[in-house]
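Text of the file model-v7.tsv, holding TSV, C-alpha atoms:
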```
chain	number	residue	atom	x	y	z
A	1	ASP	CA	0.00	0.00	0.00
A	2	GLN	CA	1.69	3.17	-1.21
A	3	GLN	CA	1.35	5.95	1.33
A	4	VAL	CA	3.00	8.51	-0.93
A	5	LYS	CA	2.02	8.59	-4.58
A	6	GLN	CA	3.40	10.45	-7.53
A	7	ASN	CA	0.97	9.61	-10.29
A	8	SER	CA	2.85	11.24	-13.15
A	9	PRO	CA	5.87	9.15	-14.17
A	10	SER	CA	7.20	11.93	-16.36
A	11	LEU	CA	6.75	15.59	-17.25
A	12	SER	CA	8.13	17.58	-20.15
A	13	VAL	CA	8.34	21.39	-19.98
A	14	GLN	CA	9.79	24.13	-22.13
A	15	GLU	CA	12.67	26.14	-20.73
A	16	GLY	CA	11.46	29.28	-18.96
A	17	ARG	CA	8.00	27.88	-18.25
A	18	ILE	CA	6.64	26.60	-14.96
A	19	SER	CA	7.08	22.97	-13.92
A	20	ILE	CA	4.49	21.57	-11.52
A	21	LEU	CA	5.14	18.22	-9.88
A	22	ASN	CA	2.40	16.65	-7.82
A	23	CYS	CA	2.28	14.28	-4.90
A	24	ASP	CA	-0.59	12.72	-2.94
A	25	TYR	CA	-0.44	10.99	0.42
A	26	THR	CA	-2.81	8.88	2.45
A	27	ASN	CA	-1.52	9.05	6.02
A	28	SER	CA	-2.71	12.10	7.94
A	29	MET	CA	-0.01	11.47	10.57
A	30	PHE	CA	2.77	12.71	8.29
A	31	ASP	CA	4.21	15.85	9.87
A	32	TYR	CA	6.80	16.93	7.34
A	33	PHE	CA	7.12	16.73	3.58
A	34	LEU	CA	10.23	16.96	1.45
A	35	TRP	CA	11.27	17.01	-2.18
A	36	TYR	CA	14.47	15.40	-3.38
A	37	LYS	CA	16.15	15.67	-6.77
A	38	LYS	CA	18.10	12.80	-8.26
A	39	TYR	CA	20.39	12.46	-11.27
A	40	PRO	CA	21.11	8.99	-12.77
A	41	ALA	CA	23.55	6.84	-10.78
A	42	GLU	CA	23.77	9.40	-7.99
A	43	GLY	CA	22.21	9.72	-4.55
A	44	PRO	CA	19.20	12.03	-4.16
A	45	THR	CA	19.85	15.54	-2.89
A	46	PHE	CA	17.50	17.50	-0.67
A	47	LEU	CA	15.65	20.30	-2.44
A	48	ILE	CA	12.96	21.84	-0.24
A	49	SER	CA	10.65	20.87	2.61
A	50	ILE	CA	7.47	21.99	4.32
A	51	SER	CA	6.04	21.39	7.75
A	52	SER	CA	2.47	20.18	8.05
A	53	ILE	CA	1.56	23.38	9.90
A	54	LYS	CA	2.34	25.49	6.84
A	55	ASP	CA	0.77	25.66	3.41
A	56	LYS	CA	3.62	27.18	1.43
A	57	ASN	CA	7.40	27.33	1.49
A	58	GLU	CA	9.54	29.13	-1.03
A	59	ASP	CA	13.24	28.91	-1.83
A	60	GLY	CA	14.38	30.78	-4.91
A	61	ARG	CA	12.84	29.22	-7.99
A	62	PHE	CA	11.28	26.41	-5.96
A	63	THR	CA	7.99	26.61	-4.08
A	64	VAL	CA	6.20	23.78	-2.33
A	65	PHE	CA	2.46	23.99	-1.62
A	66	LEU	CA	0.65	21.79	0.89
A	67	ASN	CA	-3.10	21.18	0.91
A	68	LYS	CA	-3.76	19.10	4.02
A	69	SER	CA	-7.47	18.71	3.46
A	70	ALA	CA	-6.80	17.17	0.04
A	71	LYS	CA	-3.65	15.36	1.26
A	72	HIS	CA	-1.83	16.85	-1.70
A	73	LEU	CA	1.40	18.72	-2.19
A	74	SER	CA	3.05	20.17	-5.23
A	75	LEU	CA	6.43	21.51	-6.23
A	76	HIS	CA	6.56	24.52	-8.55
A	77	ILE	CA	9.75	25.40	-10.42
A	78	VAL	CA	9.74	28.83	-12.02
A	79	PRO	CA	11.38	29.43	-14.42
A	80	SER	CA	12.38	25.92	-15.43
A	81	GLN	CA	15.93	25.42	-16.64
A	82	PRO	CA	17.54	22.53	-18.56
A	83	GLY	CA	19.66	21.74	-15.50
A	84	ASP	CA	16.45	20.97	-13.62
A	85	SER	CA	16.01	17.82	-15.70
A	86	ALA	CA	16.16	14.99	-13.18
A	87	VAL	CA	13.96	12.63	-11.20
A	88	TYR	CA	12.04	14.34	-8.40
A	89	PHE	CA	10.96	12.37	-5.35
A	90	CYS	CA	8.31	13.44	-2.92
A	91	ALA	CA	8.83	12.17	0.63
A	92	ALA	CA	6.84	12.29	3.83
A	93	SER	CA	8.05	11.95	7.39
A	94	LEU	CA	6.29	9.42	9.56
A	95	PRO	CA	9.16	8.83	10.53
A	96	PRO	CA	11.26	7.49	8.84
A	97	LEU	CA	10.88	9.02	5.40
A	98	VAL	CA	8.48	7.37	2.96
A	99	PHE	CA	9.18	8.12	-0.69
A	100	GLY	CA	6.99	8.28	-3.75
A	101	ALA	CA	7.91	6.56	-7.00
A	102	GLY	CA	9.36	9.70	-8.54
A	103	THR	CA	8.61	11.90	-11.55
A	104	ILE	CA	11.08	12.36	-14.39
A	105	LEU	CA	11.23	16.03	-15.35
A	106	ARG	CA	12.61	16.98	-18.75
A	107	VAL	CA	13.16	20.66	-19.46
A	108	LYS	CA	13.57	21.33	-23.16
A	109	SER	CA	15.68	24.23	-24.39
B	1	ASP	CA	35.34	16.31	3.38
B	2	GLY	CA	32.28	15.29	5.33
B	3	GLY	CA	29.90	12.91	3.72
B	4	ILE	CA	28.57	9.42	3.19
B	5	THR	CA	30.76	6.92	1.39
B	6	GLN	CA	29.34	3.80	-0.17
B	7	SER	CA	31.46	1.03	-1.61
B	8	PRO	CA	31.77	-0.62	-3.97
B	9	LYS	CA	30.08	1.50	-6.62
B	10	TYR	CA	29.45	-1.57	-8.79
B	11	LEU	CA	29.20	-5.15	-7.59
B	12	PHE	CA	28.38	-8.39	-9.34
B	13	ARG	CA	27.08	-11.35	-7.42
B	14	LYS	CA	26.63	-14.94	-8.42
B	15	GLU	CA	23.45	-16.77	-7.58
B	16	GLY	CA	23.55	-18.13	-4.03
B	17	GLN	CA	26.26	-15.79	-2.77
B	18	ASN	CA	26.03	-13.28	0.06
B	19	VAL	CA	27.49	-9.84	-0.56
B	20	THR	CA	28.06	-6.90	1.76
B	21	LEU	CA	27.70	-3.24	0.80
B	22	SER	CA	29.68	-0.80	2.88
B	23	CYS	CA	28.39	2.55	4.16
B	24	GLU	CA	30.51	4.94	6.19
B	25	GLN	CA	29.63	8.47	7.32
B	26	ASN	CA	31.77	11.08	9.01
B	27	LEU	CA	28.94	13.52	9.65
B	28	ASN	CA	28.44	12.38	13.25
B	29	HIS	CA	24.84	11.52	12.40
B	30	ASP	CA	22.86	9.35	14.79
B	31	ALA	CA	20.57	7.61	12.33
B	32	MET	CA	21.45	5.63	9.23
B	33	TYR	CA	19.29	4.02	6.56
B	34	TRP	CA	19.39	1.67	3.62
B	35	TYR	CA	17.05	2.19	0.67
B	36	ARG	CA	16.66	0.28	-2.54
B	37	GLN	CA	15.68	1.88	-5.84
B	38	ASP	CA	13.95	-0.05	-8.62
B	39	PRO	CA	12.57	1.54	-11.79
B	40	GLY	CA	9.09	2.95	-11.24
B	41	GLN	CA	9.08	2.10	-7.54
B	42	GLY	CA	10.91	4.97	-5.97
B	43	LEU	CA	12.99	4.40	-2.86
B	44	ARG	CA	11.97	1.61	-0.54
B	45	LEU	CA	13.32	1.34	2.99
B	46	ILE	CA	15.21	-1.85	3.82
B	47	TYR	CA	16.58	-1.20	7.32
B	48	TYR	CA	17.28	1.77	9.54
B	49	SER	CA	19.17	2.40	12.75
B	50	GLN	CA	18.69	5.18	15.29
B	51	ILE	CA	21.65	4.37	17.52
B	52	VAL	CA	24.59	2.01	17.77
B	53	ASN	CA	23.68	-1.65	18.28
B	54	ASP	CA	20.06	-1.01	17.39
B	55	PHE	CA	18.23	-1.31	14.06
B	56	GLN	CA	14.71	-1.85	12.74
B	57	LYS	CA	13.27	-3.49	9.67
B	58	GLY	CA	11.88	-1.32	6.95
B	59	ASP	CA	9.30	-2.24	4.32
B	60	ILE	CA	11.40	-4.78	2.41
B	61	ALA	CA	13.84	-6.30	4.94
B	62	GLU	CA	13.45	-9.93	3.86
B	63	GLY	CA	16.69	-11.33	2.47
B	64	TYR	CA	18.82	-8.54	3.97
B	65	SER	CA	20.77	-8.10	7.19
B	66	VAL	CA	22.57	-5.18	8.81
B	67	SER	CA	24.77	-4.35	11.77
B	68	ARG	CA	25.50	-1.10	13.61
B	69	GLU	CA	28.58	-1.73	15.72
B	70	LYS	CA	29.92	1.79	15.23
B	71	LYS	CA	28.14	5.10	14.86
B	72	GLU	CA	29.80	5.82	11.54
B	73	SER	CA	29.26	2.45	9.89
B	74	PHE	CA	26.10	0.64	8.71
B	75	PRO	CA	26.93	-2.26	6.35
B	76	LEU	CA	24.20	-4.08	4.46
B	77	THR	CA	24.44	-7.78	3.60
B	78	VAL	CA	22.37	-9.04	0.69
B	79	THR	CA	21.86	-12.71	1.38
B	80	SER	CA	21.09	-15.55	-0.98
B	81	ALA	CA	17.54	-15.46	0.39
B	82	GLN	CA	16.91	-12.18	-1.42
B	83	LYS	CA	15.10	-13.33	-4.56
B	84	ASN	CA	15.59	-10.29	-6.72
B	85	PRO	CA	18.67	-8.42	-5.50
B	86	THR	CA	19.60	-6.58	-8.69
B	87	ALA	CA	19.01	-2.92	-7.87
B	88	PHE	CA	20.55	0.42	-6.96
B	89	TYR	CA	21.20	0.61	-3.20
B	90	LEU	CA	21.35	3.90	-1.33
B	91	CYS	CA	22.68	4.52	2.14
B	92	ALA	CA	21.61	7.63	4.02
B	93	SER	CA	22.03	9.29	7.39
B	94	SER	CA	20.32	12.02	9.37
B	95	PRO	CA	21.54	14.29	12.16
B	96	GLN	CA	18.49	14.26	14.40
B	97	GLY	CA	17.82	10.58	14.62
B	98	VAL	CA	14.90	8.90	12.94
B	99	ARG	CA	12.64	11.85	13.68
B	100	GLY	CA	15.03	14.10	11.73
B	101	ASN	CA	13.32	15.66	8.79
B	102	THR	CA	16.16	15.75	6.30
B	103	ILE	CA	18.33	12.82	5.38
B	104	TYR	CA	21.50	12.84	3.33
B	105	PHE	CA	22.32	10.19	0.79
B	106	GLY	CA	25.48	8.53	-0.41
B	107	GLU	CA	26.28	8.06	-4.10
B	108	GLY	CA	24.75	4.59	-4.24
B	109	SER	CA	25.91	1.09	-5.13
B	110	TRP	CA	24.80	-0.93	-8.14
B	111	LEU	CA	24.35	-4.63	-7.44
B	112	THR	CA	23.85	-7.03	-10.33
B	113	VAL	CA	23.25	-10.76	-10.06
B	114	VAL	CA	24.96	-12.75	-12.79
```
File written out as structure tokens:
Amino acid sequence: DQQVKQNSPSLSVQEGRISILNCDYTNSMFDYFLWYKKYPAEGPTFLISISSIKDKNEDGRFTVFLNKSAKHLSLHIVPSQPGDSAVYFCAASLPPLVFGAGTILRVKS
Amino acid sequence: DGGITQSPKYLFRKEGQNVTLSCEQNLNHDAMYWYRQDPGQGLRLIYYSQIVNDFQKGDIAEGYSVSREKKESFPLTVTSAQKNPTAFYLCASSPQGVRGNTIYFGEGSWLTVV
């Protein structure tokens, strides 16, 4: 039973446009949510996080939104750059961290 | 440089053999983790440890074993009981124990059964 779901396996976006990656979760006990970015054959690197008591957190081009009533969070990247092309994992803290299946983002120049 | 070191980067195993993946961290982190990545399945937790000499099973612990004799070391043994061991294995650690909200990953180890 997947507690954290990323239903879009891949996303393709034009450079300069907005990328929106989505994540749904089922467990209302999660108290913290994180996004990780991963390049092939490398370990994931932490990108941005949000506490369950907040609904938005922003860091430069990256913004994470949390909708607790819908058990949904999203990562917005504006503007998207070719270097953003990677796999993005949503994770939720139970603890320990529970990861989604990932979304492959391709930013076309 | 502080970080998490996994070795070897690539490992080939014959059917029926046990292999051990090494994970060392010099970040003075309390908690350490092993995840497995398979295509389309994200990162699944194998084992985790909050303190020395203590560890807990994750979601897919069958066929694996770990030890935590030192704070900085958390080796993973893939036993012959693991039916489908070919995967990318990631070790991670966190500074605040299991309740820590951010974990840091090593570079990963590729295991292939031949």
Can you list every residue of chain B that has an atom at most 10 Å from chain A, with its nearest atom pair and the distance in Å to one decimal, using all atoms listed in the file, ordered by chain then number, as a tab-separated table?
```
residue	atom	partner	partner_atom	distance
B:Lys9	CA	A:Ala41	CA	9.4
B:Ala31	CA	A:Pro96	CA	9.9
B:Tyr33	CA	A:Pro96	CA	9.0
B:Tyr35	CA	A:Phe99	CA	9.9
B:Gln37	CA	A:Ala101	CA	9.1
B:Asp38	CA	A:Ala101	CA	9.1
B:Pro39	CA	A:Ala101	CA	8.4
B:Gly40	CA	A:Ala101	CA	5.7
B:Gln41	CA	A:Ala101	CA	4.6
B:Gly42	CA	A:Ala101	CA	3.5
B:Leu43	CA	A:Phe99	CA	5.8
B:Arg44	CA	A:Phe99	CA	7.1
B:Leu45	CA	A:Val98	CA	7.7
B:Tyr48	CA	A:Pro96	CA	8.3
B:Gly58	CA	A:Pro96	CA	9.0
B:Asp59	CA	A:Val98	CA	9.7
B:Phe88	CA	A:Ala41	CA	8.1
B:Tyr89	CA	A:Gly43	CA	9.3
B:Leu90	CA	A:Gly43	CA	6.7
B:Cys91	CA	A:Gly43	CA	8.5
B:Ala92	CA	A:Gly43	CA	8.8
B:Gly97	CA	A:Pro96	CA	9.3
B:Val98	CA	A:Pro96	CA	5.7
B:Arg99	CA	A:Pro95	CA	5.6
B:Gly100	CA	A:Pro95	CA	8.0
B:Asn101	CA	A:Ser93	CA	6.6
B:Thr102	CA	A:Phe46	CA	7.3
B:Ile103	CA	A:Phe46	CA	7.7
B:Tyr104	CA	A:Thr45	CA	7.0
B:Phe105	CA	A:Gly43	CA	5.4
B:Gly106	CA	A:Gly43	CA	5.4
B:Glu107	CA	A:Gly43	CA	4.4
B:Gly108	CA	A:Gly43	CA	5.7
B:Ser109	CA	A:Ala41	CA	8.4
B:Trp110	CA	A:Ala41	CA	8.3
```
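Here atom CA of Glu24 of chain B and atom CA of Leu76 of chain B stand 11.1 Å from one another.
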Next item on the list: Would you be able to write out as a list of chain:residue names which residues have an atom within 6 Å of (26.8, -5.9, 7.0) in the file's coordinates, counting all atoms listed in the file?
Entry: B:Thr20, B:Val66, B:Ser67, B:Pro75, B:Leu76, B:Thr77
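Put simply, atom CA of Phe30 of chain A is 19.4 Å away from atom CA of Lys57 of chain B.
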Margin query: Please compute the atom CA of Leu105 of chain A-atom CA of Ser12 of chain A distance, one decimal, in Å.
Written below: 5.9 Å
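Proximity ranking of A:Ile53, A:Ile18, A:Val4, A:Ile104 relative to Lys71 of chain A places A:Val4 first, based on all atoms listed in the file.
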Notebook entry, point to check: Do you know which residues are at most 7 Å from Ser19 of chain A counting only C-alpha atoms, after dropping those on the same chain fewer than 2 positions away, and could you put them as an MDAnalysis selection string?
Noted result: chainID A and resid 13 17 21 76:78 80
Next item on the list: Dump as a PyMOL selection string all residues having an atom at most 8 Å from (-0.5, 20.2, -8.1), computed in the file's coordinates with only C-alpha atoms.
Entry: chain A and resi 20-23+72-75
